[in-house]
Each structure stands twice: as C-alpha cells, then as structure tokens.
file upload_37.txt (compact mmCIF, C-alpha atoms and all ligand atoms)
# COMPACT_ATOMS: atom_id res chain seq x y z
CA MET X 17 -19.78 -11.79 1.05
CA GLU X 18 -17.30 -14.14 2.69
CA ASN X 19 -17.34 -14.02 6.47
CA ILE X 20 -14.26 -13.54 8.61
CA LYS X 21 -13.26 -16.91 10.00
CA HIS X 22 -10.30 -15.84 12.09
CA LEU X 23 -9.79 -12.41 13.64
CA GLY X 24 -6.55 -11.40 15.33
CA ILE X 25 -6.34 -8.45 17.72
CA ILE X 26 -3.32 -6.60 19.06
CA MET X 27 -4.78 -4.84 22.09
CA ASP X 28 -2.51 -1.81 22.31
CA GLY X 29 -2.81 1.45 24.22
CA ASN X 30 -3.89 0.39 27.71
CA ARG X 31 -1.34 2.43 29.65
CA ARG X 32 -1.71 5.53 27.49
CA TRP X 33 -5.47 5.34 28.02
CA ALA X 34 -5.00 5.27 31.80
CA GLU X 35 -2.55 8.16 31.70
CA LYS X 36 -4.97 10.23 29.64
CA ALA X 37 -7.74 9.45 32.12
CA SER X 38 -5.40 10.40 35.02
CA LEU X 39 -5.69 6.90 36.42
CA GLN X 40 -3.02 4.56 37.67
CA ARG X 41 -1.30 3.18 34.53
CA PHE X 42 -2.26 -0.45 35.14
CA LYS X 43 -5.95 0.45 35.37
CA GLY X 44 -5.83 0.45 31.56
CA HIS X 45 -5.20 -3.30 31.59
CA ASP X 46 -8.21 -3.84 33.92
CA ILE X 47 -10.56 -2.06 31.54
CA GLY X 48 -8.78 -3.76 28.62
CA ALA X 49 -9.66 -7.17 30.02
CA GLU X 50 -13.35 -6.16 30.21
CA VAL X 51 -13.26 -4.91 26.62
CA PHE X 52 -11.79 -8.26 25.57
CA VAL X 53 -14.81 -10.07 27.08
CA ASN X 54 -17.19 -7.74 25.20
CA THR X 55 -15.26 -8.34 21.98
CA CYS X 56 -15.87 -12.08 22.30
CA ASP X 57 -19.62 -11.37 22.28
CA TRP X 58 -19.34 -9.18 19.19
CA CYS X 59 -17.40 -11.94 17.41
CA ILE X 60 -20.10 -14.49 18.27
CA LYS X 61 -22.79 -12.17 16.87
CA GLU X 62 -20.76 -11.82 13.66
CA LYS X 63 -20.29 -15.62 13.48
CA ILE X 64 -16.51 -15.24 13.56
CA GLU X 65 -15.17 -18.70 14.40
CA TYR X 66 -11.73 -17.90 15.80
CA LEU X 67 -10.41 -14.93 17.77
CA THR X 68 -6.74 -14.65 18.72
CA VAL X 69 -5.67 -11.84 21.05
CA TYR X 70 -2.17 -10.73 21.97
CA ALA X 71 -2.35 -10.58 25.76
CA PHE X 72 1.32 -10.82 26.74
CA SER X 73 4.27 -11.01 24.37
CA THR X 74 7.73 -12.49 24.93
CA GLU X 75 8.88 -8.82 24.85
CA ASN X 76 6.49 -7.94 27.67
CA TRP X 77 8.67 -9.91 30.12
CA LYS X 78 10.93 -6.79 30.06
CA ARG X 79 8.24 -4.71 31.81
CA THR X 80 8.48 -3.98 35.53
CA LYS X 81 7.80 -6.82 37.95
CA GLU X 82 4.89 -4.82 39.36
CA GLU X 83 3.20 -4.57 35.95
CA ILE X 84 3.84 -8.23 35.07
CA VAL X 85 2.33 -9.34 38.38
CA HIS X 86 -0.68 -7.09 37.74
CA ILE X 87 -1.30 -8.46 34.23
CA PHE X 88 -0.99 -12.07 35.43
CA LYS X 89 -3.41 -11.43 38.30
CA LEU X 90 -5.88 -10.17 35.69
CA LEU X 91 -5.37 -13.22 33.55
CA GLU X 92 -5.75 -15.55 36.54
CA LYS X 93 -8.99 -13.74 37.39
CA PHE X 94 -10.25 -14.31 33.86
CA PHE X 95 -9.22 -18.00 33.76
CA THR X 96 -11.00 -18.67 37.05
CA GLU X 97 -13.93 -16.24 37.39
CA LYS X 98 -15.02 -16.01 33.75
CA ILE X 99 -14.98 -19.68 32.84
CA ASP X 100 -18.66 -20.24 33.66
CA LEU X 101 -19.50 -17.29 31.44
CA CYS X 102 -17.35 -18.77 28.64
CA ILE X 103 -19.14 -22.12 28.93
CA GLU X 104 -22.53 -20.37 28.93
CA ARG X 105 -21.61 -18.46 25.75
CA GLY X 106 -19.87 -21.39 24.06
CA ILE X 107 -16.38 -19.88 24.14
CA LYS X 108 -13.53 -22.35 23.88
CA ILE X 109 -10.29 -21.12 25.44
CA LYS X 110 -6.81 -22.06 24.27
CA VAL X 111 -3.57 -20.43 25.36
CA ILE X 112 -0.74 -20.18 22.85
CA GLY X 113 2.86 -19.24 23.56
CA GLU X 114 5.87 -20.47 25.52
CA ARG X 115 4.08 -22.19 28.38
CA ASP X 116 7.31 -23.27 30.08
CA ASN X 117 7.93 -19.63 31.05
CA LEU X 118 4.73 -19.45 33.09
CA ALA X 119 4.38 -20.09 36.82
CA LYS X 120 3.26 -23.63 37.68
CA LYS X 121 0.04 -22.35 39.29
CA ASP X 122 -0.82 -20.40 36.11
CA ILE X 123 -0.19 -23.45 33.93
CA LEU X 124 -2.64 -25.41 36.09
CA ILE X 125 -5.28 -22.65 35.95
CA ILE X 126 -4.90 -22.45 32.16
CA GLU X 127 -5.08 -26.22 31.68
CA ASN X 128 -8.25 -26.28 33.75
CA ALA X 129 -9.83 -23.45 31.72
CA GLU X 130 -8.93 -25.20 28.47
CA LYS X 131 -10.33 -28.51 29.67
CA GLN X 132 -13.56 -27.01 30.96
CA THR X 133 -14.26 -25.17 27.70
CA GLU X 134 -12.99 -27.94 25.43
CA ILE X 135 -16.36 -28.76 23.90
CA CYS X 136 -17.50 -25.14 23.38
CA LYS X 137 -18.17 -24.35 19.76
CA ASN X 138 -19.50 -20.80 19.27
CA LEU X 139 -16.12 -19.05 19.34
CA LYS X 140 -12.62 -20.45 19.68
CA VAL X 141 -10.44 -17.95 21.49
CA GLN X 142 -6.66 -18.19 21.45
CA ILE X 143 -5.01 -16.08 24.14
CA ALA X 144 -1.40 -15.40 23.17
CA LEU X 145 0.52 -15.42 26.42
CA SER X 146 4.29 -15.29 26.68
CA TYR X 147 3.90 -15.48 22.92
CA GLY X 148 6.29 -14.43 20.19
CA GLY X 149 5.93 -15.57 16.59
CA ARG X 150 9.63 -16.28 16.11
CA ASN X 151 9.66 -18.25 19.36
CA GLU X 152 6.65 -20.25 18.12
CA ILE X 153 8.43 -21.06 14.83
CA ILE X 154 11.63 -22.11 16.62
CA ARG X 155 9.65 -24.38 18.96
CA ALA X 156 7.94 -25.88 15.90
CA VAL X 157 11.32 -26.49 14.22
CA LYS X 158 12.62 -28.23 17.34
CA LYS X 159 9.54 -30.48 17.46
CA ILE X 160 9.81 -31.33 13.78
CA ALA X 161 13.55 -32.01 14.13
CA GLY X 162 12.74 -34.43 16.97
CA ASP X 163 10.23 -36.22 14.76
CA VAL X 164 12.78 -36.43 11.94
CA LEU X 165 15.35 -37.94 14.32
CA SER X 166 12.85 -40.51 15.54
CA THR X 167 11.89 -41.19 11.89
CA LYS X 168 8.25 -40.28 12.58
CA ILE X 169 8.53 -37.95 9.60
CA LEU X 170 10.79 -37.83 6.52
CA ILE X 171 12.54 -34.56 5.60
CA LYS X 172 11.35 -34.85 1.99
CA ASN X 173 7.73 -34.89 3.19
CA ILE X 174 7.91 -31.62 5.14
CA ASP X 175 5.74 -29.01 3.44
CA GLU X 176 3.67 -26.01 4.55
CA ASP X 177 0.70 -28.12 5.60
CA ILE X 178 2.87 -30.42 7.71
CA PHE X 179 4.82 -27.53 9.26
CA GLU X 180 1.58 -25.80 10.21
CA GLN X 181 0.68 -28.81 12.34
CA TYR X 182 3.67 -28.10 14.59
CA LEU X 183 2.64 -24.53 15.38
CA ASP X 184 0.66 -23.53 18.48
CA THR X 185 -2.24 -22.77 16.12
CA ALA X 186 -2.24 -26.23 14.50
CA GLY X 187 -5.49 -26.85 12.67
CA ILE X 188 -6.70 -23.26 12.99
CA PRO X 189 -7.21 -21.36 9.71
CA ASP X 190 -4.96 -18.42 8.80
CA VAL X 191 -5.93 -15.01 10.15
CA ASP X 192 -8.24 -13.07 7.81
CA LEU X 193 -8.04 -9.71 9.57
CA VAL X 194 -5.72 -8.24 12.19
CA ILE X 195 -6.92 -5.25 14.17
CA ARG X 196 -4.25 -3.27 16.01
CA THR X 197 -5.49 -0.52 18.29
CA GLY X 198 -3.43 2.19 19.91
CA GLY X 199 -2.66 4.65 17.14
CA ALA X 200 -1.50 4.72 13.59
CA GLU X 201 2.15 5.26 14.62
CA ASN X 202 2.28 1.53 15.41
CA ARG X 203 1.66 0.07 11.97
CA ARG X 204 3.39 -3.22 12.61
CA LEU X 205 2.62 -6.74 13.79
CA SER X 206 5.23 -6.91 16.56
CA ASN X 207 5.86 -10.66 16.37
CA PHE X 208 2.12 -11.53 16.34
CA LEU X 209 1.38 -14.71 14.36
CA PRO X 210 3.94 -14.17 11.54
CA TRP X 211 3.23 -17.53 9.86
CA GLN X 212 -0.54 -17.16 10.11
CA THR X 213 -0.84 -13.54 8.88
CA VAL X 214 0.99 -13.61 5.55
CA TYR X 215 -2.28 -12.96 3.67
CA SER X 216 -4.16 -11.09 6.40
CA GLU X 217 -5.76 -7.71 5.93
CA LEU X 218 -4.54 -5.18 8.48
CA TYR X 219 -6.66 -2.55 10.22
CA PHE X 220 -4.87 0.03 12.35
CA SER X 221 -7.12 1.92 14.71
CA GLU X 222 -6.49 5.24 16.42
CA ILE X 223 -8.60 4.06 19.35
CA LEU X 224 -6.78 3.00 22.53
CA TRP X 225 -7.79 -0.56 23.48
CA PRO X 226 -9.88 0.32 26.60
CA ASP X 227 -11.99 2.59 24.35
CA PHE X 228 -12.45 -0.08 21.67
CA SER X 229 -16.18 -0.19 21.00
CA LYS X 230 -18.73 -2.08 18.93
CA ASP X 231 -18.70 0.90 16.58
CA GLU X 232 -14.93 0.59 15.98
CA PHE X 233 -15.24 -3.21 15.69
CA ASP X 234 -17.89 -2.72 12.99
CA LYS X 235 -15.65 -0.19 11.20
CA ALA X 236 -12.83 -2.73 11.06
CA LEU X 237 -15.17 -5.37 9.64
CA THR X 238 -16.53 -2.91 7.08
CA TYR X 239 -12.95 -2.12 6.07
CA TYR X 240 -12.25 -5.85 5.63
CA HIS X 241 -15.27 -6.31 3.41
CA SER X 242 -14.41 -3.21 1.36
CA VAL X 243 -10.99 -4.41 0.15
CA PRO X 244 -10.34 -7.01 -2.58
CA HIS X 245 -8.61 -9.18 0.04
CA LYS X 246 -8.87 -12.47 -1.76
CA ALA X 247 -6.77 -11.29 -4.70
CA GLY X 248 -3.38 -12.32 -3.27
CA LYS X 249 -4.45 -15.73 -2.01
C1 LIG R 301 -0.74 -3.41 25.42
O1 LIG R 301 -0.96 -2.10 25.87
C2 LIG R 301 -1.40 -4.36 26.31
C3 LIG R 301 -0.79 -5.32 27.04
C4 LIG R 301 0.66 -5.58 27.01
C5 LIG R 301 -1.54 -6.19 27.94
C6 LIG R 301 -2.87 -6.58 27.38
C7 LIG R 301 -3.61 -7.34 28.37
C8 LIG R 301 -4.91 -7.19 28.57
C9 LIG R 301 -5.80 -6.28 27.83
C10 LIG R 301 -5.57 -8.05 29.54
C11 LIG R 301 -5.99 -9.25 28.76
C12 LIG R 301 -6.85 -10.05 29.51
C13 LIG R 301 -7.36 -11.15 29.01
C14 LIG R 301 -8.28 -11.88 29.88
C15 LIG R 301 -7.06 -11.66 27.66
P1 LIG R 301 0.27 -1.33 26.46
O2 LIG R 301 0.45 -1.72 27.89
O3 LIG R 301 1.46 -1.58 25.58
O4 LIG R 301 -0.20 0.14 26.40
P2 LIG R 301 0.62 1.38 25.86
O5 LIG R 301 0.81 1.13 24.38
O6 LIG R 301 -0.29 2.49 26.12
O7 LIG R 301 1.90 1.41 26.64
call {"tool": "encode", "arguments": {"input": "upload_37.txt", "output": "structure tokens"}}
result
Amino acid sequence: MENIKHLGIIMDGNRRWAEKASLQRFKGHDIGAEVFVNTCDWCIKEKIEYLTVYAFSTENWKRTKEEIVHIFKLLEKFFTEKIDLCIERGIKIKVIGERDNLAKKDILIIENAEKQTEICKNLKVQIALSYGGRNEIIRAVKKIAGDVLSTKILIKNIDEDIFEQYLDTAGIPDVDLVIRTGGAENRRLSNFLPWQTVYSELYFSEILWPDFSKDEFDKALTYYHSVPHKAGK
C-alpha cells in the first residue's frame, strides 16, 4: 500500500467550535493551534513526509482587525516558543504565501524559524500564511516572465516541471490527500494549492478543527487507502 507523501489540511471550524462551547470566538483558534501541533506528531508516526496547512488565506485579511491580530499573535507564539520542540521532533518549517503582506517583525520571526529547522528531516511542514493559490500562480508567472526577459529561460522550454519550480512549493511533491474539517457544507478547496491538488483525493470531515482527533485523522487515511486514487494519474 503506497504511503501518503504529502497531506494538505484546511483547518476549518474554529469559531463555530468556540461558539458551540460558549467560549470567546477566537478561543477556537487557540485550541486549533494546539491540534495542529498534535497533527504533526500523527504525521510523523505515519511517515508522512510533507504536511501543508492553511493557516491564513488571502481572503482572511477581510476579517476584523481584532481577529487578525489574535491569529498572528498565535502564529508568532508558535514560531518562537515551539521551535525547540520542532527541532527535537525533526520538523522542518516553511511558510508559503505572499510574504510581502506580513509585518516586518513577523517576516523576521518566520525566517528565523525556517533557518533553525532547515536541517530537520522527519516532517516538512508548510504553513500557508497570507496564502491564496491564484496569488501564488500570479507571483510564479511574474518570476518566470522576469527570467524570460533576462533570457535566463526560453519561452519554448517552459513546461509543467519548470513552472512548478517557480511556485512556493517548488520541489515538493503534489498533495496526495486534502482533509477539510468543519462540515460537509464546505466541499471546496477555497484557493488552497490549486496547482498541487489536481490529482488529490479529498476528505471532508464533519468535525470542527479544534475537535480533530487521532481517530478522525486515521479515518481520513483509511478513506485514502480505500479509493483507487492512482487511476487518474
Ligand atoms: C478557519 O476556521 C481557521 C482559520 C482562518 C485560522 C486557522 C489558524 C489556526 C488553527 C492557528 C494555526 C496555528 C499554527 C501554528 C499553524 P474559521 O475561523 O473559518 O472557523 P469558522 O468556519 O467556524 O468560522
């Protein structure tokens, strides 16, 4: 049975979880961040090589200032306080997305986290932050156009393999399975890795992200192994 190399997760349902639990809405993100850390461990146990999570989309910039500040404080906490834990567990951190939109201090924190975990090999985690798939493709087109203008590359040589090298996920294999939590009414990818998911299997979970458990993780993996997913490749 072929193992999952690259798992993508859309961590949806944090605020609804908090509302259901009669907690302040943003508390859902706090628990969600803890569940993300647990999920990294489950991936390592399953020998999954790459995990990409959708932490903050280009669309999420439309949320209230208060919520954006809260989410970024959480991320800053992760990139500073959890780095030793990442190194200990062999977790390599990479942030993908439109970095220019981030605060200078966050860019520095991220660069430091990436540098410190550079040599980690157990699990490569991509955190999609200020990320949108269309935005990623447009940035790739601009980079490739620049290389055409400077004659670093010839138009006739551009193919899928070359184009892939200009994406934020350059060198990372396509996504095998996408898990989206937060209810079956959201059966969509919402601008998450459009180039990288064309052949992915999709698992939509009723569970709200803060309730995502090892049991549900296992169910998603069982689903992946139960479908003839290699047929279309
Ligand atoms: C979607 O749920 C979740 C987010 C927009 C934020 C996700 C961020 C985290 C879980 C923190 C990540 C932390 C690290 C360290 C990666 P929602 O807010 O859309 O919830 P709703 O669907 O109930 O409104």
call {"tool": "residues_around", "arguments": {"input": "upload_37.txt", "residues": "range 223-230 of chain X", "least_positions_apart": "6", "cutoff": "7 Å", "atoms": "all atoms listed in the file", "output": "JSON list (two decimals) with C-alpha atoms, in the frame of the given file"}}
result
[["chain", "number", "residue", "atom", "x", "y", "z"],
["X", 27, "MET", "CA", -4.78, -4.84, 22.09],
["X", 28, "ASP", "CA", -2.51, -1.81, 22.31],
["X", 29, "GLY", "CA", -2.81, 1.45, 24.22],
["X", 30, "ASN", "CA", -3.89, 0.39, 27.71],
["X", 33, "TRP", "CA", -5.47, 5.34, 28.02],
["X", 44, "GLY", "CA", -5.83, 0.45, 31.56],
["X", 47, "ILE", "CA", -10.56, -2.06, 31.54],
["X", 48, "GLY", "CA", -8.78, -3.76, 28.62],
["X", 51, "VAL", "CA", -13.26, -4.91, 26.62],
["X", 197, "THR", "CA", -5.49, -0.52, 18.29],
["X", 198, "GLY", "CA", -3.43, 2.19, 19.91],
["X", 199, "GLY", "CA", -2.66, 4.65, 17.14]]
call {"tool": "closest_atom_pairs", "arguments": {"input": "upload_37.txt", "of": "chain X", "to": "ligand LIG 301 (chain R)", "cutoff": "10 Å", "atoms": "only C-alpha atoms and all ligand atoms", "output": "JSON lines"}}
result
{"residue": "X:Ile26", "atom": "CA", "partner": "R:LIG301", "partner_atom": "C1", "distance": 7.6}
{"residue": "X:Met27", "atom": "CA", "partner": "R:LIG301", "partner_atom": "C1", "distance": 5.4}
{"residue": "X:Asp28", "atom": "CA", "partner": "R:LIG301", "partner_atom": "O1", "distance": 3.9}
{"residue": "X:Gly29", "atom": "CA", "partner": "R:LIG301", "partner_atom": "O6", "distance": 3.3}
{"residue": "X:Asn30", "atom": "CA", "partner": "R:LIG301", "partner_atom": "O4", "distance": 3.9}
{"residue": "X:Arg31", "atom": "CA", "partner": "R:LIG301", "partner_atom": "O6", "distance": 3.7}
{"residue": "X:Arg32", "atom": "CA", "partner": "R:LIG301", "partner_atom": "O6", "distance": 3.6}
{"residue": "X:Trp33", "atom": "CA", "partner": "R:LIG301", "partner_atom": "O6", "distance": 6.2}
{"residue": "X:Ala34", "atom": "CA", "partner": "R:LIG301", "partner_atom": "O6", "distance": 7.9}
{"residue": "X:Glu35", "atom": "CA", "partner": "R:LIG301", "partner_atom": "O6", "distance": 8.3}
{"residue": "X:Lys36", "atom": "CA", "partner": "R:LIG301", "partner_atom": "O6", "distance": 9.7}
{"residue": "X:Arg41", "atom": "CA", "partner": "R:LIG301", "partner_atom": "O2", "distance": 8.4}
{"residue": "X:Phe42", "atom": "CA", "partner": "R:LIG301", "partner_atom": "O2", "distance": 7.8}
{"residue": "X:Gly44", "atom": "CA", "partner": "R:LIG301", "partner_atom": "O2", "distance": 7.6}
{"residue": "X:His45", "atom": "CA", "partner": "R:LIG301", "partner_atom": "C9", "distance": 4.8}
{"residue": "X:Asp46", "atom": "CA", "partner": "R:LIG301", "partner_atom": "C10", "distance": 6.6}
{"residue": "X:Ile47", "atom": "CA", "partner": "R:LIG301", "partner_atom": "C9", "distance": 7.4}
{"residue": "X:Gly48", "atom": "CA", "partner": "R:LIG301", "partner_atom": "C9", "distance": 4.0}
{"residue": "X:Ala49", "atom": "CA", "partner": "R:LIG301", "partner_atom": "C12", "distance": 4.1}
{"residue": "X:Glu50", "atom": "CA", "partner": "R:LIG301", "partner_atom": "C12", "distance": 7.6}
{"residue": "X:Val51", "atom": "CA", "partner": "R:LIG301", "partner_atom": "C9", "distance": 7.7}
{"residue": "X:Phe52", "atom": "CA", "partner": "R:LIG301", "partner_atom": "C15", "distance": 6.2}
{"residue": "X:Val53", "atom": "CA", "partner": "R:LIG301", "partner_atom": "C14", "distance": 7.3}
{"residue": "X:Thr68", "atom": "CA", "partner": "R:LIG301", "partner_atom": "C15", "distance": 9.4}
{"residue": "X:Val69", "atom": "CA", "partner": "R:LIG301", "partner_atom": "C15", "distance": 6.8}
{"residue": "X:Tyr70", "atom": "CA", "partner": "R:LIG301", "partner_atom": "C6", "distance": 6.9}
{"residue": "X:Ala71", "atom": "CA", "partner": "R:LIG301", "partner_atom": "C6", "distance": 4.3}
{"residue": "X:Phe72", "atom": "CA", "partner": "R:LIG301", "partner_atom": "C4", "distance": 5.3}
{"residue": "X:Ser73", "atom": "CA", "partner": "R:LIG301", "partner_atom": "C4", "distance": 7.0}
{"residue": "X:Glu75", "atom": "CA", "partner": "R:LIG301", "partner_atom": "C4", "distance": 9.1}
{"residue": "X:Asn76", "atom": "CA", "partner": "R:LIG301", "partner_atom": "C4", "distance": 6.3}
{"residue": "X:Trp77", "atom": "CA", "partner": "R:LIG301", "partner_atom": "C4", "distance": 9.6}
{"residue": "X:Arg79", "atom": "CA", "partner": "R:LIG301", "partner_atom": "C4", "distance": 9.0}
{"residue": "X:Glu83", "atom": "CA", "partner": "R:LIG301", "partner_atom": "O2", "distance": 9.0}
{"residue": "X:Ile84", "atom": "CA", "partner": "R:LIG301", "partner_atom": "C4", "distance": 9.1}
{"residue": "X:His86", "atom": "CA", "partner": "R:LIG301", "partner_atom": "C10", "distance": 9.6}
{"residue": "X:Ile87", "atom": "CA", "partner": "R:LIG301", "partner_atom": "C10", "distance": 6.4}
{"residue": "X:Phe88", "atom": "CA", "partner": "R:LIG301", "partner_atom": "C10", "distance": 8.5}
{"residue": "X:Lys89", "atom": "CA", "partner": "R:LIG301", "partner_atom": "C12", "distance": 9.5}
{"residue": "X:Leu90", "atom": "CA", "partner": "R:LIG301", "partner_atom": "C12", "distance": 6.3}
{"residue": "X:Leu91", "atom": "CA", "partner": "R:LIG301", "partner_atom": "C14", "distance": 4.9}
{"residue": "X:Glu92", "atom": "CA", "partner": "R:LIG301", "partner_atom": "C14", "distance": 8.0}
{"residue": "X:Lys93", "atom": "CA", "partner": "R:LIG301", "partner_atom": "C14", "distance": 7.8}
{"residue": "X:Phe94", "atom": "CA", "partner": "R:LIG301", "partner_atom": "C14", "distance": 5.1}
{"residue": "X:Phe95", "atom": "CA", "partner": "R:LIG301", "partner_atom": "C14", "distance": 7.3}
{"residue": "X:Lys98", "atom": "CA", "partner": "R:LIG301", "partner_atom": "C14", "distance": 8.8}
{"residue": "X:Val111", "atom": "CA", "partner": "R:LIG301", "partner_atom": "C15", "distance": 9.7}
{"residue": "X:Val141", "atom": "CA", "partner": "R:LIG301", "partner_atom": "C15", "distance": 9.4}
{"residue": "X:Gln142", "atom": "CA", "partner": "R:LIG301", "partner_atom": "C15", "distance": 9.0}
{"residue": "X:Ile143", "atom": "CA", "partner": "R:LIG301", "partner_atom": "C15", "distance": 6.0}
{"residue": "X:Ala144", "atom": "CA", "partner": "R:LIG301", "partner_atom": "C15", "distance": 8.1}
{"residue": "X:Leu145", "atom": "CA", "partner": "R:LIG301", "partner_atom": "C15", "distance": 8.6}
{"residue": "X:Thr197", "atom": "CA", "partner": "R:LIG301", "partner_atom": "O5", "distance": 8.9}
{"residue": "X:Gly198", "atom": "CA", "partner": "R:LIG301", "partner_atom": "O5", "distance": 6.3}
{"residue": "X:Gly199", "atom": "CA", "partner": "R:LIG301", "partner_atom": "O5", "distance": 8.8}
{"residue": "X:Asn202", "atom": "CA", "partner": "R:LIG301", "partner_atom": "O5", "distance": 9.1}
{"residue": "X:Leu224", "atom": "CA", "partner": "R:LIG301", "partner_atom": "O6", "distance": 7.4}
{"residue": "X:Trp225", "atom": "CA", "partner": "R:LIG301", "partner_atom": "O1", "distance": 7.4}
{"residue": "X:Pro226", "atom": "CA", "partner": "R:LIG301", "partner_atom": "C9", "distance": 7.9}
call {"tool": "atom_distance", "arguments": {"input": "upload_37.txt", "atom1": "CA of Asn117 in chain X", "atom2": "CA of Phe179 in chain X"}}
result
23.4 Å
call {"tool": "residues_around", "arguments": {"input": "upload_37.txt", "residues": "Cys59 in chain X", "least_positions_apart": "3", "cutoff": "10 Å", "atoms": "only C-alpha atoms", "output": "list of chain:residue names"}}
result
X:Ile20, X:Lys21, X:His22, X:Leu23, X:Asn54, X:Thr55, X:Cys56, X:Glu62, X:Lys63, X:Ile64, X:Glu65, X:Tyr66, X:Leu67, X:Asn138, X:Leu139, X:Phe233
call {"tool": "closest_residue", "arguments": {"input": "upload_37.txt", "among": "X:His241, X:Arg105, X:Arg115, X:Lys158", "to": "Lys61 in chain X", "atoms": "all atoms listed in the file"}}
result
X:Arg105
call {"tool": "residues_around", "arguments": {"input": "upload_37.txt", "residues": "Tyr240 in chain X", "least_positions_apart": "2", "cutoff": "10 Å", "atoms": "only C-alpha atoms", "output": "list in words"}}
result
Asn19, Ile20, Asp192, Leu193, Val194, Ser216, Glu217, Leu218, Tyr219, Asp234, Lys235, Ala236, Leu237, Thr238, Ser242, Val243, Pro244 and His245 of chain X
call {"tool": "axis_aligned_box", "arguments": {"input": "upload_37.txt", "around": "range 151-170 of chain X", "padding_each_side": "4 Å", "output": "JSON"}}
result
{"center_x": 11.0, "center_y": -29.7, "center_z": 12.9, "size_x": 16.7, "size_y": 30.9, "size_z": 20.8}
call {"tool": "decode", "arguments": {"input": "upload_37.txt", "residues": "range 151-214 of chain X", "atoms": "C-alpha atoms", "output": "PDB file, in the first residue's frame"}}
result
ATOM      1  CA  ASN X 151      -1.907  34.713  -5.930  1.00  0.00           C
ATOM      2  CA  GLU X 152       0.829  32.044  -5.839  1.00  0.00           C
ATOM      3  CA  ILE X 153       0.353  31.309  -9.558  1.00  0.00           C
ATOM      4  CA  ILE X 154       0.438  35.001 -10.483  1.00  0.00           C
ATOM      5  CA  ARG X 155       3.632  35.500  -8.461  1.00  0.00           C
ATOM      6  CA  ALA X 156       5.122  32.496 -10.263  1.00  0.00           C
ATOM      7  CA  VAL X 157       4.146  33.949 -13.659  1.00  0.00           C
ATOM      8  CA  LYS X 158       5.787  37.268 -12.765  1.00  0.00           C
ATOM      9  CA  LYS X 159       9.001  35.496 -11.736  1.00  0.00           C
ATOM     10  CA  ILE X 160       9.055  33.399 -14.885  1.00  0.00           C
ATOM     11  CA  ALA X 161       8.356  36.480 -17.042  1.00  0.00           C
ATOM     12  CA  GLY X 162      11.338  38.188 -15.387  1.00  0.00           C
ATOM     13  CA  ASP X 163      13.535  35.200 -16.208  1.00  0.00           C
ATOM     14  CA  VAL X 164      12.314  35.235 -19.817  1.00  0.00           C
ATOM     15  CA  LEU X 165      13.139  38.944 -20.112  1.00  0.00           C
ATOM     16  CA  SER X 166      16.615  38.378 -18.719  1.00  0.00           C
ATOM     17  CA  THR X 167      16.983  35.374 -21.089  1.00  0.00           C
ATOM     18  CA  LYS X 168      17.607  33.027 -18.153  1.00  0.00           C
ATOM     19  CA  ILE X 169      14.874  30.851 -19.639  1.00  0.00           C
ATOM     20  CA  LEU X 170      13.415  30.440 -23.140  1.00  0.00           C
ATOM     21  CA  ILE X 171       9.630  30.541 -23.626  1.00  0.00           C
ATOM     22  CA  LYS X 172       9.730  27.338 -25.684  1.00  0.00           C
ATOM     23  CA  ASN X 173      11.302  25.500 -22.743  1.00  0.00           C
ATOM     24  CA  ILE X 174       8.573  26.349 -20.224  1.00  0.00           C
ATOM     25  CA  ASP X 175       6.711  23.192 -19.255  1.00  0.00           C
ATOM     26  CA  GLU X 176       4.915  21.896 -16.151  1.00  0.00           C
ATOM     27  CA  ASP X 177       8.118  20.787 -14.448  1.00  0.00           C
ATOM     28  CA  ILE X 178       9.777  24.161 -14.998  1.00  0.00           C
ATOM     29  CA  PHE X 179       6.670  26.109 -13.933  1.00  0.00           C
ATOM     30  CA  GLU X 180       6.447  24.074 -10.730  1.00  0.00           C
ATOM     31  CA  GLN X 181       9.889  25.350  -9.771  1.00  0.00           C
ATOM     32  CA  TYR X 182       8.513  28.898  -9.586  1.00  0.00           C
ATOM     33  CA  LEU X 183       5.758  28.049  -7.104  1.00  0.00           C
ATOM     34  CA  ASP X 184       6.100  28.481  -3.329  1.00  0.00           C
ATOM     35  CA  THR X 185       6.080  24.673  -3.099  1.00  0.00           C
ATOM     36  CA  ALA X 186       8.968  24.202  -5.560  1.00  0.00           C
ATOM     37  CA  GLY X 187      10.436  20.726  -5.256  1.00  0.00           C
ATOM     38  CA  ILE X 188       7.650  19.435  -3.007  1.00  0.00           C
ATOM     39  CA  PRO X 189       5.558  16.565  -4.416  1.00  0.00           C
ATOM     40  CA  ASP X 190       1.887  17.090  -5.288  1.00  0.00           C
ATOM     41  CA  VAL X 191      -0.649  16.679  -2.498  1.00  0.00           C
ATOM     42  CA  ASP X 192      -1.962  13.117  -2.164  1.00  0.00           C
ATOM     43  CA  LEU X 193      -4.807  13.836   0.237  1.00  0.00           C
ATOM     44  CA  VAL X 194      -6.570  17.010   1.352  1.00  0.00           C
ATOM     45  CA  ILE X 195      -8.529  16.927   4.595  1.00  0.00           C
ATOM     46  CA  ARG X 196     -11.013  19.741   5.125  1.00  0.00           C
ATOM     47  CA  THR X 197     -12.685  19.873   8.513  1.00  0.00           C
ATOM     48  CA  GLY X 198     -15.653  21.979   9.504  1.00  0.00           C
ATOM     49  CA  GLY X 199     -18.645  20.281   7.946  1.00  0.00           C
ATOM     50  CA  ALA X 200     -19.742  18.767   4.705  1.00  0.00           C
ATOM     51  CA  GLU X 201     -21.405  22.015   3.558  1.00  0.00           C
ATOM     52  CA  ASN X 202     -17.918  23.276   2.692  1.00  0.00           C
ATOM     53  CA  ARG X 203     -16.926  20.800  -0.003  1.00  0.00           C
ATOM     54  CA  ARG X 204     -14.460  23.065  -1.734  1.00  0.00           C
ATOM     55  CA  LEU X 205     -10.756  23.889  -1.722  1.00  0.00           C
ATOM     56  CA  SER X 206     -11.104  27.660  -1.261  1.00  0.00           C
ATOM     57  CA  ASN X 207      -7.936  28.645  -3.146  1.00  0.00           C
ATOM     58  CA  PHE X 208      -5.771  26.052  -1.327  1.00  0.00           C
ATOM     59  CA  LEU X 209      -2.921  24.753  -3.513  1.00  0.00           C
ATOM     60  CA  PRO X 210      -4.829  24.662  -6.852  1.00  0.00           C
ATOM     61  CA  TRP X 211      -1.783  23.605  -8.904  1.00  0.00           C
ATOM     62  CA  GLN X 212      -0.684  20.961  -6.410  1.00  0.00           C
ATOM     63  CA  THR X 213      -4.087  19.298  -5.816  1.00  0.00           C
ATOM     64  CA  VAL X 214      -5.256  18.448  -9.328  1.00  0.00           C
TER      65      VAL X 214
END
